[in-house]
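S.K.: My questions all concern the structure below.
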Amino acid sequence: MASSASTGVERDIRELVAEVLETDPSEIDANANFVKDLGMDSMMALEILAGIEKKYRIVIPEDSLPKFTSLNETIRIVKEILNKK
């Protein structure tokens with residue numbers, strides 16, 4: 001069960017990021033830097049984080065915000081928060 005929930009988190013976050021970046025989810029390199037490689041600005045980042053918080057009913061600690069640098073990092077942090085829930 002854990003693995004299907006985990007792949008769901010990855011898929012959901014990838015889709016959310018793709019929606020904000022207005023691109024196809026399959027075109028996002030999981031290790032690409034949001035700002036340098038994907039051209040994300042701070043408003044886009046906040047939109048993604050707000051979407052994640054709403055979807056999973058979690059609060060992302062403000063000190064974690066600088067760690068959201070790529071899709072993989074975002075997924076890792078969200079899974080950590082969900083596991084503590």
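By convention here, the chains of the structure tokens are called A, B, ... in the order presented, each chain's residues are numbered starting at 1, and ligands are numbered starting at 1 in the order presented.
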May I have the residues within 10 Å of Lys55 in chain A as a list of chain:residue names, using only C-alpha atoms and disregarding those fewer than 6 positions away in the same chain?

M.R.: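 Contacts, with the query itself left out: A:Asp12, A:Ile13, A:Leu49.
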
S.K.: Write out as JSON, numbers by chain all residues of chain A that DSSP puts in alpha helix (DSSP H) for this structure's backbone.

M.R.: {"A": [2, 3, 4, 5, 6, 7, 8, 9, 10, 11, 12, 13, 14, 15, 16, 17, 18, 19, 20, 21, 42, 43, 44, 45, 46, 47, 48, 49, 50, 51, 52, 53, 54, 55, 56, 71, 72, 73, 74, 75, 76, 77, 78, 79, 80, 81, 82, 83, 84]}

S.K.: Give me the residues within 8 Å of Glu10 in chain A as JSON, numbers by chain, counting only C-alpha atoms and dropping any in the same chain fewer than 4 places off.

M.R.: {"A": [6, 14, 75]}

S.K.: Give me a file of those residues, with N, CA and C atoms, as a JSON list (two decimals), in the first residue's frame.

M.R.:
[["chain", "number", "residue", "atom", "x", "y", "z"],
["A", 6, "SER", "N", 2.88, 6.30, -2.38],
["A", 6, "SER", "CA", 4.10, 7.03, -2.68],
["A", 6, "SER", "C", 4.16, 7.43, -4.16],
["A", 14, "ARG", "N", 4.18, 16.04, -9.56],
["A", 14, "ARG", "CA", 4.66, 16.26, -10.92],
["A", 14, "ARG", "C", 3.58, 16.98, -11.74],
["A", 75, "ILE", "N", 9.23, 16.18, -3.72],
["A", 75, "ILE", "CA", 8.58, 14.91, -3.41],
["A", 75, "ILE", "C", 9.14, 14.34, -2.10]]

S.K.: What gap, in Å, lies between CA of Ser42 in chain A and CA of Glu22 in chain A?

M.R.: 15.4 Å

S.K.: Determine, counting only C-alpha atoms, which protein, DNA and RNA residues have an atom within 9 Å of an atom of Ile52 in chain A; residues of the same chain fewer than 6 positions away are not included. Present the result as a PyMOL selection string.

M.R.: chain A and resi 12-13+16+58-60+78

S.K.: Could you please take those selected residues and save N, CA and C atoms as a CSV table (one decimal), in the first residue's frame?

M.R.:
chain,number,residue,atom,x,y,z
A,12,ASP,N,1.1,13.2,-8.4
A,12,ASP,CA,0.3,14.4,-8.1
A,12,ASP,C,1.2,15.7,-8.1
A,13,ILE,N,2.4,15.6,-7.5
A,13,ILE,CA,3.3,16.7,-7.4
A,13,ILE,C,3.8,17.1,-8.8
A,16,LEU,N,1.1,18.8,-10.6
A,16,LEU,CA,0.9,20.2,-10.1
A,16,LEU,C,2.0,21.1,-10.6
A,58,ILE,N,-1.6,19.5,4.7
A,58,ILE,CA,-0.4,19.6,5.5
A,58,ILE,C,0.1,21.1,5.6
A,59,VAL,N,1.0,21.4,6.5
A,59,VAL,CA,1.6,22.7,6.5
A,59,VAL,C,3.1,22.5,6.3
A,60,ILE,N,3.6,23.2,5.3
A,60,ILE,CA,5.0,23.1,5.0
A,60,ILE,C,5.7,24.1,5.9
A,78,VAL,N,7.8,16.4,0.9
A,78,VAL,CA,6.4,16.2,1.1
A,78,VAL,C,6.2,14.8,1.8

S.K.: Give me the residues within 12 Å of Pro66 in chain A as a list of chain:residue names, counting only C-alpha atoms and dropping any in the same chain fewer than 5 places off.

M.R.: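 Final neighbour list, sorted by chain and number: A:Asn33, A:Phe34, A:Val35, A:Ser42, A:Ala45, A:Leu46, A:Leu49, A:Ile60, A:Pro61, A:Glu73, A:Thr74, A:Ile77.
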
S.K.: Can you spit out the residues from that selection as a PDB file, in the first residue's frame, using N, CA and C atoms?

M.R.:
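As a result, out-v2.pdb now contains:
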ATOM      1  N   ASN A  33      16.658  21.890 -11.681  1.00  0.00           N
ATOM      2  CA  ASN A  33      16.469  22.971 -10.716  1.00  0.00           C
ATOM      3  C   ASN A  33      15.271  23.814 -11.159  1.00  0.00           C
ATOM      4  N   PHE A  34      14.324  24.031 -10.241  1.00  0.00           N
ATOM      5  CA  PHE A  34      13.111  24.769 -10.568  1.00  0.00           C
ATOM      6  C   PHE A  34      13.409  26.145 -11.165  1.00  0.00           C
ATOM      7  N   VAL A  35      14.336  26.867 -10.558  1.00  0.00           N
ATOM      8  CA  VAL A  35      14.611  28.238 -11.002  1.00  0.00           C
ATOM      9  C   VAL A  35      15.559  28.264 -12.199  1.00  0.00           C
ATOM     10  N   SER A  42       9.237  32.989  -7.914  1.00  0.00           N
ATOM     11  CA  SER A  42       8.765  32.777  -6.547  1.00  0.00           C
ATOM     12  C   SER A  42       7.246  32.649  -6.469  1.00  0.00           C
ATOM     13  N   ALA A  45       6.429  29.110  -7.374  1.00  0.00           N
ATOM     14  CA  ALA A  45       6.812  28.219  -6.272  1.00  0.00           C
ATOM     15  C   ALA A  45       5.758  28.264  -5.169  1.00  0.00           C
ATOM     16  N   LEU A  46       5.293  29.462  -4.838  1.00  0.00           N
ATOM     17  CA  LEU A  46       4.269  29.589  -3.803  1.00  0.00           C
ATOM     18  C   LEU A  46       2.969  28.921  -4.227  1.00  0.00           C
ATOM     19  N   LEU A  49       3.462  25.189  -3.711  1.00  0.00           N
ATOM     20  CA  LEU A  49       3.438  24.831  -2.291  1.00  0.00           C
ATOM     21  C   LEU A  49       2.023  24.933  -1.722  1.00  0.00           C
ATOM     22  N   ILE A  60       3.602  23.174   5.331  1.00  0.00           N
ATOM     23  CA  ILE A  60       5.028  23.060   5.035  1.00  0.00           C
ATOM     24  C   ILE A  60       5.749  24.114   5.869  1.00  0.00           C
ATOM     25  N   PRO A  61       6.665  23.683   6.744  1.00  0.00           N
ATOM     26  CA  PRO A  61       7.382  24.647   7.591  1.00  0.00           C
ATOM     27  C   PRO A  61       8.160  25.652   6.729  1.00  0.00           C
ATOM     28  N   GLU A  73      13.375  16.755  -4.832  1.00  0.00           N
ATOM     29  CA  GLU A  73      13.469  17.311  -3.475  1.00  0.00           C
ATOM     30  C   GLU A  73      12.081  17.616  -2.927  1.00  0.00           C
ATOM     31  N   THR A  74      11.217  18.164  -3.763  1.00  0.00           N
ATOM     32  CA  THR A  74       9.858  18.498  -3.341  1.00  0.00           C
ATOM     33  C   THR A  74       9.124  17.232  -2.913  1.00  0.00           C
ATOM     34  N   ILE A  77      10.543  15.907   0.469  1.00  0.00           N
ATOM     35  CA  ILE A  77      10.114  16.700   1.627  1.00  0.00           C
ATOM     36  C   ILE A  77       8.643  16.436   1.947  1.00  0.00           C
TER      37      ILE A  77
END

S.K.: Could you state the separation of CA of Glu19 in chain A and CA of Glu80 in chain A in Å, given to one decimal place?

M.R.: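 That distance, rounded to one decimal, is 23.2 Å.
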
S.K.: Kindly give the distance, in Å, that separates CA of Leu71 in chain A and CA of Ser26 in chain A, rounded to a single decimal.

M.R.: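 We find that CA of Leu71 in chain A and CA of Ser26 in chain A lie 11.9 Å from each other.
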